[in-house]
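Engineer: Structure below; questions to follow.
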Protein chains: 8
Amino acid sequence: MHLTVYLAGQIHDDWRDEIKRKAEEKKLPLTFVGPQTNHDRSDNVGEDIIGKQPDAYYKDDAASSINNLRTQILMQKSDVVVALFGEKYKQWNTAMDASAAITMNKPTIIVRPTSLIHPLKELSNKANVTVETIEQALEVLAYIYE
Amino acid sequence: MHLTVYLAGQIHDDWRDEIKRKAEEKKLPLTFVGPQTNHDRSDNVGEDIIGKQPDAYYKDDAASSINNLRTQILMQKSDVVVALFGEKYKQWNTAMDASAAITMNKPTIIVRPTSLIHPLKELSNKANVTVETIEQALEVLAYIYE
Amino acid sequence: MHLTVYLAGQIHDDWRDEIKRKAEEKKLPLTFVGPQTNHDRSDNVGEDIIGKQPDAYYKDDAASSINNLRTQILMQKSDVVVALFGEKYKQWNTAMDASAAITMNKPTIIVRPTSLIHPLKELSNKANVTVETIEQALEVLAYIYE
Amino acid sequence: MHLTVYLAGQIHDDWRDEIKRKAEEKKLPLTFVGPQTNHDRSDNVGEDIIGKQPDAYYKDDAASSINNLRTQILMQKSDVVVALFGEKYKQWNTAMDASAAITMNKPTIIVRPTSLIHPLKELSNKANVTVETIEQALEVLAYIYE
Amino acid sequence: MHLTVYLAGQIHDDWRDEIKRKAEEKKLPLTFVGPQTNHDRSDNVGEDIIGKQPDAYYKDDAASSINNLRTQILMQKSDVVVALFGEKYKQWNTAMDASAAITMNKPTIIVRPTSLIHPLKELSNKANVTVETIEQALEVLAYIYE
Amino acid sequence: MHLTVYLAGQIHDDWRDEIKRKAEEKKLPLTFVGPQTNHDRSDNVGEDIIGKQPDAYYKDDAASSINNLRTQILMQKSDVVVALFGEKYKQWNTAMDASAAITMNKPTIIVRPTSLIHPLKELSNKANVTVETIEQALEVLAYIYE
Amino acid sequence: MHLTVYLAGQIHDDWRDEIKRKAEEKKLPLTFVGPQTNHDRSDNVGEDIIGKQPDAYYKDDAASSINNLRTQILMQKSDVVVALFGEKYKQWNTAMDASAAITMNKPTIIVRPTSLIHPLKELSNKANVTVETIEQALEVLAYIYE
Amino acid sequence: MHLTVYLAGQIHDDWRDEIKRKAEEKKLPLTFVGPQTNHDRSDNVGEDIIGKQPDAYYKDDAASSINNLRTQILMQKSDVVVALFGEKYKQWNTAMDASAAITMNKPTIIVRPTSLIHPLKELSNKANVTVETIEQALEVLAYIYE
């Protein structure tokens, strides 16, 4: 049974490549989708497509409208969501995506370091599973096929 | 027409009292509900009710399960959600509540300072309205009755 | 049995007062809700509450975000929707509200002059009932209580 | 990931061919569906299939019932909706389709000239993204695959 | 706990009065709603409100659109549905209402004579409870309060 | 675009073969599904699988439970429903299936002779399209592909 | 804010009276509903209302159809569910009710002795909160009002 | 038409292999999915992936969170559920899965020995079909293709 996995979370390192590579090694029939991972493109896409905006606020709103469309389409096509939290940045997009997924009854795995246990406790409690590493998240996905 | 308003967001100052007081001054037929605002009680409620947990992680999980039950009940009874973001703390609960509300088709107002425009841009774009002050949030609520 | 009726449609004359008055004459247990009927306030509410916007486009978007919040709250509380189309203006808000209501399974009555039969034919076909006058719309509502 | 796109909007020029051609040039894995674009056939399909109706009103109702069945089937199969507004005609079908799509949680892109900013402001605010040209709409769709 | 009961079924005798009287005797906190029980009014309501139609088919369609609006509103307000089948007439409205109720997760009681067991077997199997008399239907409703 | 069509209605003649044959002639990418068309098997399937029942009532209930499971599975997989009414039999199953389909937002075409206009008027009004012949129903389906 | 609480679980002792009494002592604005607690009446209600059945299987099925109608009505009216598991009996009804509640997004509290941790682990994980005593369940409910 | 079948129930013998073998013999286009059937792995998967837990309760909760994620994903992908009850064990997972499936409108077949008629009567009444043997469950599935 083929499954589609939405990878929510930060776009500052190549964790998505790592999880895809591990999935291929295990020959899991998974397709991974996720947000735009080119940070500049993600921030600028509103102006890139719609044109110059009056100031930073409107530039951000234009970009986010297109990013949200992308996320909504891909998350609706997904069977399961992995949401990664790291120690840097606000990461409210990740919290937003994980919460939207849970509310849409998309099974959801949260990945976070133990340093974030306390601030993430309510979201972690609502998710299906919380793990600490990408490797563990993939083991959870692999378990579906055992 | 009477409405119930869920007030999501930080519990470190008395912003909920302020919004309630202003609503009373305007004689708006609003009932406000929200999370536990006693911070210690919120953190300890798991152990308070269920008993001593093995360590901080399990204490947090026990507390969050009860906090989440409360939020789910009160948000399902609400007609509109106001979610306040401030400059301190991770505030992932607030992002989680706002995103859950939006996904459940609960009309949602975000309150945030302009310093948070960029990190909140996607959530702000998904919400119905974003304002900068509690006073403005109440004006939006008051507008429903004009 | 008390019912709440959302009155969608143009805000350029006092048709809502007329329908309310007729309902009172018939002593129907109906509460009527609807959009902001002060046209200037409806157009300016974004700048009134959030502040000056860069240009007309952003002023419009700010106003519409608050108008949409109001409509969403009041329509979700409603049991039935009456949508009035007249011969002037684009009236895309009315079409939007009627279509949203039908898609949400809110029973919907369209009021339109016969001159609009052709351009409204698909929306009219999706609505429960189409009539030509406000008086007829109220007769349909009154029929629920016979 | 293959996506199906519903193209709502006027049927008086060949904008759908243009968007399809551009998608092919970019090799995007998109299937486009939409309403009957033969205007006479769309107006006459009720009488064509069900037979002569008593007058224009009933002819329109018969045609619209079949057009609505087609739209409902194809929109339910779609992952994203593009709704084009032009400067001519009432275009209430387009507003109806866009609003139905948004209410069904189908991600929606509106295309409209700047002259329509004001009358479309509420619908535009509810849609995910609003752009001014078909080219921009396709860039938004292409962004999903970046 | 107060409950609203929709009474679907034929309108050729006073079975609704009987069930209401029995409910009053038992002092059950039930409100009963249902279709128009004046048969002529039900058949003519389209022409009564909208005006003369071209022929019997259009007269029927106009009446049914208003009857369906009434049923949809009242059934959505109901907590439980009682659907009575008798030995005369097609009674497709009753089957339609019962099936709509079951599909909307409205708990449903069917009342039918034993002579109808075979033709009603699939609908009866989908309903919650099937009984043979109005008295029994009321006993089922009364049981909720024991 | 491939579509699945559920063919609800009587099983006393070969109308399903006729519609399938016509669809093949037109090379429409349609798959047709429907109820058990062997009448004896449909009536006996409960006892055939579960074993002898105490009397005719229980035999009918056992059969209908299996027929309903089949219908529910196949209708949930379908994109559109055609429901045929003829002049004989109670046909409450057909009314039940059509009403369930409409309530589940499955686009629905009713086929019925003009002699049934009056008793079917409410169901016909709720369906998307009503036609008089199988040929016409297929033309409606073919129109989706024009 | 008034809440309705469905009390699922065994009917062999007076635990429901205990929880009601404690709620009254704390003056919580809660209404408690639940299944028939007269065990004989619960088992016999099918034959009591519908009449003698062929054997024990059919007697059970008749009773359960009426018990399920009652549960469905009352659970749909409830805001939160408390499900008590004890050490005796199969208690599949309790598991069924708790799982139905969770799937319907009704916030759910499970009460069970520690001896049942292992067999209830999946259901407990899906519920919002699991406690060991009725007193604790009531403390969780009381917490909503703090 | 290909269907996916979720096989809920005990994992102490090879009943799933039996049903798969019989389906292959009949050349039915069915894919079967289900829970982890290695009992030790199912109990230990939490610690296997997430690491050592403080005691048996937390070990169970960690395992069940991963088992529930697996079940939720596979059940959402399934078209029909078969739930087997045997004479041993609490089997609350099976009751939970069957009740969740029914509440999600997944057609559901229960398999249970006659000795369990009484304790399973409410769940059996809510399911579509109840049979006594795996062979019979497969005959019900095969009937969909007749």
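Identifiers in this document derive from the order of the structure tokens: chains are assigned A, B, ..., residues are numbered from 1 separately in each chain, and ligands are numbered from 1 in order of occurrence.
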Starting from chain D, keep only residues with some atom at most 12 Å from an atom of chain E, counting only C-alpha atoms, and report them as a list in words.

Structural biologist: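 Every residue meeting the condition is included here: Gln53, Pro54, Asp55, Ala56, Tyr57, Tyr58, Lys59, Asp61 and Ala62 of chain D.
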
Engineer: Give me the residues near Lys126 (chain E) as a ChimeraX atom specification, where near means some atom within 12 Å (using only C-alpha atoms) and where sequence neighbours in that chain fewer than 5 positions away do not count.

Structural biologist: /E:95,98-103,105-110,120-121 /F:61-62,64-69,71-72,93,96-97,100 /G:65 /H:107,125-129
